[in-house]
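*Asks:* Below is a structure I'd like to ask you about.
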Amino acid sequence: MTRLAAFERHCPDSVEGVTELLDSLGDEAIVYAGGTELFLLSKFGFAEYPHVIDLKGVEELRGIERSGGRLRIGATETHRSIERHPEVRRDWPALASMERGVGNLRVRTMGTIGGNLCFADPHSDPATFLLTVDGEIEARRGDGDPRRMKLEDFIVGPYENALEDGELLTSISVGELAPDAGVAHQKFILTERPAITAACHLRIEDGSLADVRLAVGSAGVRAARAEAAEGLLNGSGISDLDRVFEEAGPLAADAAEPVEDANGSVEYKRHVVAVVCRRVVDEAISAIGQENDIRPL
Ligand SMILES: Cc1cc2nc3c(=O)[nH]c(=O)nc-3n(C[C@H](O)[C@H](O)[C@H](O)COP(=O)(O)OP(=O)(O)OC[C@H]3O[C@@H](n4cnc5c(N)ncnc54)[C@H](O)[C@@H]3O)c2cc1C
């Protein structure tokens, strides 16, 4: 690890101000929020910018509130602020719980949900989770209109997102959950970042699974919905899940498209994906109708 090279920090208070700086400073400048990824890269000598633009003073990028039938989370909200937010804990408990599992307290206190998604590290908890709760993002330049897109369209590949030149991720939103829906997130972790992530949304109708949305991530280059596995799970009886998973597990592993890396071989990851998916479906079933603990953290 090296020392950080000197840089000038700019602290605009509006998206317009950020755009003006980016336009005038060009390739010499980069935005950051918590800096947990950017300054780590800089310390390893992989990124060097003479100008860094701090987004934390931009009011438009903050806040957690219901808006237009969805929960809107400002891009610079930290994992910790989401994890602790009373409305999130009451009405989106699986989101609070997923955030509580990110990294460690230091990372959660500094790191933001927007920074996590923009960095597009394949080993991301939010990127997997948000696929099951109709996650959308909003982006804009200071001189442009907001653009909304589905999360699946935002993360294009490893360390690559769909932002256009000078555009900021301004907010993330998730859909309201039906009162009889169960949502859960699980991960398998060997080092600091998750090796496998899986999330599930479902309901139960007449003893069978319905509205199943199963997402898998971290095993391959980007999180994805396991649509073929969802097809098998929808309409399956709860008592029949062991049998259904003999086929659904390998289909979920196909969707994860595991790659061999320091976390293991493709074969090993395929096995773990199937196991974690089974667990997350069980947890989502148990989550239906559960009372949520909203005592202050
Ligand atoms: C030790 C450790 C453990 C971790 N464990 C986990 C884990 O278990 N699960 C998990 O999901 N993640 C984990 N992470 C990743 C962590 O969640 C991210 O580092 C953090 O959320 C990034 O947010 P940030 O605000 O610090 O990003 P920054 O470093 O500020 O920014 C990251 C990148 O995004 C860009 N950017 C930031 N905000 C915006 C914006 N609003 N618009 C446009 N571009 C933007 C920046 O230019 C930069 O390129 C871990 C990280 C560390 C260091």
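Chain labels run A, B, ... following the order of the structure tokens; each chain numbers its residues from 1, and ligands are numbered from 1 in the order shown.
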Neighbours of range 236-248 of chain A within 12 Å (only C-alpha atoms; same-chain residues fewer than 5 positions away dropped), as JSON, numbers by chain?

*Replies:* {"A": [202, 203, 204, 205, 206, 207, 208, 209, 210, 211, 212, 214, 226, 227, 228, 229, 230, 231, 253, 254, 255, 270, 271, 273, 274, 275, 276, 277, 278, 279, 281, 282, 284, 285, 286]}

*Asks:* Just the strand (DSSP E) stuff from range 129-271 of chain A, please, per backbone DSSP, written as a ChimeraX atom specification.

*Replies:* /A:136-140,147-150,155-157,160-161,168-175,182-189,194-205,208-217,224-225

*Asks:* Taking only C-alpha atoms and all ligand atoms into account, report as a PyMOL selection string which residues have an atom no farther than 8 Å from an atom of ligand 1.

*Replies:* chain A and resi 30-40+55+61+75-76+78-79+101-104+107-108+110-121+123-127+139+163+167-171+189+192-194

*Asks:* What lies within 10 Å of Ala29 in chain A using only C-alpha atoms, ignoring chain neighbours under 4 positions off, as a PDB file with N, CA and C atoms, in the first residue's frame?

*Replies:*
ATOM      1  N   PHE A   7      -4.322  15.770  -3.283  1.00  0.00           N
ATOM      2  CA  PHE A   7      -5.451  16.138  -4.150  1.00  0.00           C
ATOM      3  C   PHE A   7      -6.179  17.321  -3.524  1.00  0.00           C
ATOM      4  N   GLU A   8      -6.965  17.993  -4.357  1.00  0.00           N
ATOM      5  CA  GLU A   8      -7.794  19.080  -3.847  1.00  0.00           C
ATOM      6  C   GLU A   8      -9.223  18.556  -3.704  1.00  0.00           C
ATOM      7  N   ARG A   9      -9.851  18.867  -2.566  1.00  0.00           N
ATOM      8  CA  ARG A   9     -11.221  18.385  -2.337  1.00  0.00           C
ATOM      9  C   ARG A   9     -12.200  19.517  -2.578  1.00  0.00           C
ATOM     10  N   HIS A  10     -13.239  19.233  -3.341  1.00  0.00           N
ATOM     11  CA  HIS A  10     -14.276  20.225  -3.628  1.00  0.00           C
ATOM     12  C   HIS A  10     -15.569  19.762  -2.954  1.00  0.00           C
ATOM     13  N   LEU A  21     -18.310  21.454 -11.884  1.00  0.00           N
ATOM     14  CA  LEU A  21     -16.934  21.055 -11.550  1.00  0.00           C
ATOM     15  C   LEU A  21     -16.438  19.955 -12.487  1.00  0.00           C
ATOM     16  N   LEU A  22     -17.297  18.950 -12.708  1.00  0.00           N
ATOM     17  CA  LEU A  22     -16.873  17.838 -13.576  1.00  0.00           C
ATOM     18  C   LEU A  22     -16.596  18.339 -14.988  1.00  0.00           C
ATOM     19  N   ASP A  23     -17.447  19.254 -15.464  1.00  0.00           N
ATOM     20  CA  ASP A  23     -17.251  19.776 -16.820  1.00  0.00           C
ATOM     21  C   ASP A  23     -15.957  20.576 -16.917  1.00  0.00           C
ATOM     22  N   SER A  24     -15.654  21.345 -15.855  1.00  0.00           N
ATOM     23  CA  SER A  24     -14.456  22.201 -15.967  1.00  0.00           C
ATOM     24  C   SER A  24     -13.170  21.421 -15.667  1.00  0.00           C
ATOM     25  N   LEU A  25     -13.241  20.415 -14.810  1.00  0.00           N
ATOM     26  CA  LEU A  25     -12.004  19.711 -14.430  1.00  0.00           C
ATOM     27  C   LEU A  25     -11.729  18.478 -15.289  1.00  0.00           C
ATOM     28  N   GLU A  48      -5.637   7.821  -9.397  1.00  0.00           N
ATOM     29  CA  GLU A  48      -5.014   9.060  -8.927  1.00  0.00           C
ATOM     30  C   GLU A  48      -5.707  10.237  -9.579  1.00  0.00           C
ATOM     31  N   TYR A  49      -6.389  11.011  -8.772  1.00  0.00           N
ATOM     32  CA  TYR A  49      -7.115  12.178  -9.287  1.00  0.00           C
ATOM     33  C   TYR A  49      -6.658  13.409  -8.516  1.00  0.00           C
ATOM     34  N   PRO A  50      -6.195  14.452  -9.200  1.00  0.00           N
ATOM     35  CA  PRO A  50      -5.791  15.672  -8.493  1.00  0.00           C
ATOM     36  C   PRO A  50      -6.969  16.391  -7.835  1.00  0.00           C
ATOM     37  N   HIS A  51      -8.206  16.120  -8.330  1.00  0.00           N
ATOM     38  CA  HIS A  51      -9.396  16.759  -7.753  1.00  0.00           C
ATOM     39  C   HIS A  51     -10.422  15.690  -7.383  1.00  0.00           C
ATOM     40  N   VAL A  52     -10.900  15.745  -6.146  1.00  0.00           N
ATOM     41  CA  VAL A  52     -11.984  14.836  -5.763  1.00  0.00           C
ATOM     42  C   VAL A  52     -13.175  15.688  -5.320  1.00  0.00           C
ATOM     43  N   ILE A  53     -14.357  15.248  -5.733  1.00  0.00           N
ATOM     44  CA  ILE A  53     -15.577  16.026  -5.464  1.00  0.00           C
ATOM     45  C   ILE A  53     -16.425  15.256  -4.455  1.00  0.00           C
TER      46      ILE A  53
END

*Asks:* Looking only at the backbone, which of the residues in range 110-174 of chain A does DSSP tag as helix (DSSP H, G or I), as a PyMOL selection string?

*Replies:* chain A and resi 110+113-119+125-132+151-154

*Asks:* Those same residues - C-alpha atoms - I'd like them written as a PDB file, in the first residue's frame.

*Replies:*
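This went into again_6.pdb:
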ATOM      1  CA  MET A 110     -18.833   5.586   5.845  1.00  0.00           C
ATOM      2  CA  ILE A 113     -25.562   2.537  -1.014  1.00  0.00           C
ATOM      3  CA  GLY A 114     -24.942   4.722  -4.075  1.00  0.00           C
ATOM      4  CA  GLY A 115     -21.184   4.186  -3.875  1.00  0.00           C
ATOM      5  CA  ASN A 116     -21.705   0.454  -3.581  1.00  0.00           C
ATOM      6  CA  LEU A 117     -23.876   0.298  -6.716  1.00  0.00           C
ATOM      7  CA  CYS A 118     -21.798   2.751  -8.761  1.00  0.00           C
ATOM      8  CA  PHE A 119     -18.586   0.882  -7.991  1.00  0.00           C
ATOM      9  CA  ASP A 125     -25.089  -7.412  -1.114  1.00  0.00           C
ATOM     10  CA  PRO A 126     -27.350  -4.525  -2.229  1.00  0.00           C
ATOM     11  CA  ALA A 127     -26.955  -5.341  -5.943  1.00  0.00           C
ATOM     12  CA  THR A 128     -28.339  -8.835  -5.344  1.00  0.00           C
ATOM     13  CA  PHE A 129     -31.005  -7.848  -2.829  1.00  0.00           C
ATOM     14  CA  LEU A 130     -32.462  -4.963  -4.824  1.00  0.00           C
ATOM     15  CA  LEU A 131     -33.267  -7.276  -7.754  1.00  0.00           C
ATOM     16  CA  THR A 132     -35.954  -8.956  -5.640  1.00  0.00           C
ATOM     17  CA  LEU A 151     -31.311  -2.020 -11.258  1.00  0.00           C
ATOM     18  CA  GLU A 152     -30.694  -4.872 -13.718  1.00  0.00           C
ATOM     19  CA  ASP A 153     -30.029  -2.245 -16.396  1.00  0.00           C
ATOM     20  CA  PHE A 154     -27.824  -0.094 -14.164  1.00  0.00           C
TER      21      PHE A 154
END

*Asks:* Point out the residue among A:Val216, A:Ala47, A:Val183, A:Val18 with the least atom-to-atom distance to Thr2 in chain A, counting only C-alpha atoms.

*Replies:*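 Once distances to Thr2 in chain A are computed over only C-alpha atoms, the minimum belongs to A:Ala47.
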
*Asks:* What lies within 12 Å of Lys269 in chain A using only C-alpha atoms, ignoring chain neighbours under 6 positions off, as a count of residues only?

*Replies:* 28

*Asks:* Skipping near chain neighbours, those fewer than 4 positions away, what residues fall within 9 Å of Glu283 in chain A using only C-alpha atoms, listed as a ChimeraX atom specification?

*Replies:* /A:182-186,200,278-279,287-288

*Asks:* Produce a file of the selected residues containing N, CA, C and O atoms, as an mmCIF file, in the first residue's frame.

*Replies:*
data_model
loop_
_atom_site.group_PDB
_atom_site.id
_atom_site.type_symbol
_atom_site.label_atom_id
_atom_site.label_comp_id
_atom_site.auth_asym_id
_atom_site.auth_seq_id
_atom_site.Cartn_x
_atom_site.Cartn_y
_atom_site.Cartn_z
ATOM 1 N N GLY A 182 -42.941 -12.295 1.898
ATOM 2 C CA GLY A 182 -41.767 -12.576 2.724
ATOM 3 C C GLY A 182 -40.527 -12.282 1.892
ATOM 4 O O GLY A 182 -40.463 -12.643 0.715
ATOM 5 N N VAL A 183 -39.562 -11.602 2.497
ATOM 6 C CA VAL A 183 -38.329 -11.269 1.776
ATOM 7 C C VAL A 183 -37.156 -11.633 2.667
ATOM 8 O O VAL A 183 -37.208 -11.443 3.896
ATOM 9 N N ALA A 184 -36.095 -12.166 2.061
ATOM 10 C CA ALA A 184 -34.906 -12.522 2.852
ATOM 11 C C ALA A 184 -33.657 -12.376 1.995
ATOM 12 O O ALA A 184 -33.730 -12.389 0.760
ATOM 13 N N HIS A 185 -32.536 -12.202 2.681
ATOM 14 C CA HIS A 185 -31.231 -12.084 2.008
ATOM 15 C C HIS A 185 -30.235 -12.931 2.785
ATOM 16 O O HIS A 185 -30.227 -12.915 4.011
ATOM 17 N N GLN A 186 -29.423 -13.676 2.064
ATOM 18 C CA GLN A 186 -28.403 -14.493 2.723
ATOM 19 C C GLN A 186 -27.108 -14.382 1.952
ATOM 20 O O GLN A 186 -27.109 -14.120 0.743
ATOM 21 N N CYS A 200 -34.505 -13.381 -1.834
ATOM 22 C CA CYS A 200 -35.769 -13.947 -2.325
ATOM 23 C C CYS A 200 -36.965 -13.148 -1.829
ATOM 24 O O CYS A 200 -37.009 -12.717 -0.680
ATOM 25 N N ARG A 278 -31.557 -22.335 -1.393
ATOM 26 C CA ARG A 278 -32.547 -23.101 -0.620
ATOM 27 C C ARG A 278 -32.795 -22.428 0.735
ATOM 28 O O ARG A 278 -33.927 -22.264 1.183
ATOM 29 N N ARG A 279 -31.712 -22.009 1.368
ATOM 30 C CA ARG A 279 -31.842 -21.369 2.686
ATOM 31 C C ARG A 279 -32.616 -20.059 2.602
ATOM 32 O O ARG A 279 -33.408 -19.735 3.476
ATOM 33 N N ALA A 287 -40.335 -15.477 7.019
ATOM 34 C CA ALA A 287 -40.463 -14.026 7.267
ATOM 35 C C ALA A 287 -41.898 -13.538 7.089
ATOM 36 O O ALA A 287 -42.240 -12.447 7.547
ATOM 37 N N ILE A 288 -42.741 -14.350 6.421
ATOM 38 C CA ILE A 288 -44.110 -13.887 6.153
ATOM 39 C C ILE A 288 -44.837 -13.660 7.476
ATOM 40 O O ILE A 288 -44.872 -14.534 8.340
#

*Asks:* Work out how far CA of Arg84 in chain A is from CA of Arg100 in chain A, in Å to one decimal.

*Replies:*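 Answer for the CA of Arg100 in chain A to CA of Arg84 in chain A separation: 8.6 Å.
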
*Asks:* Would you work out the distance separating CA of Asn234 in chain A from CA of His201 in chain A, expressed in Å to one decimal?

*Replies:*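 The value is 11.2 Å.
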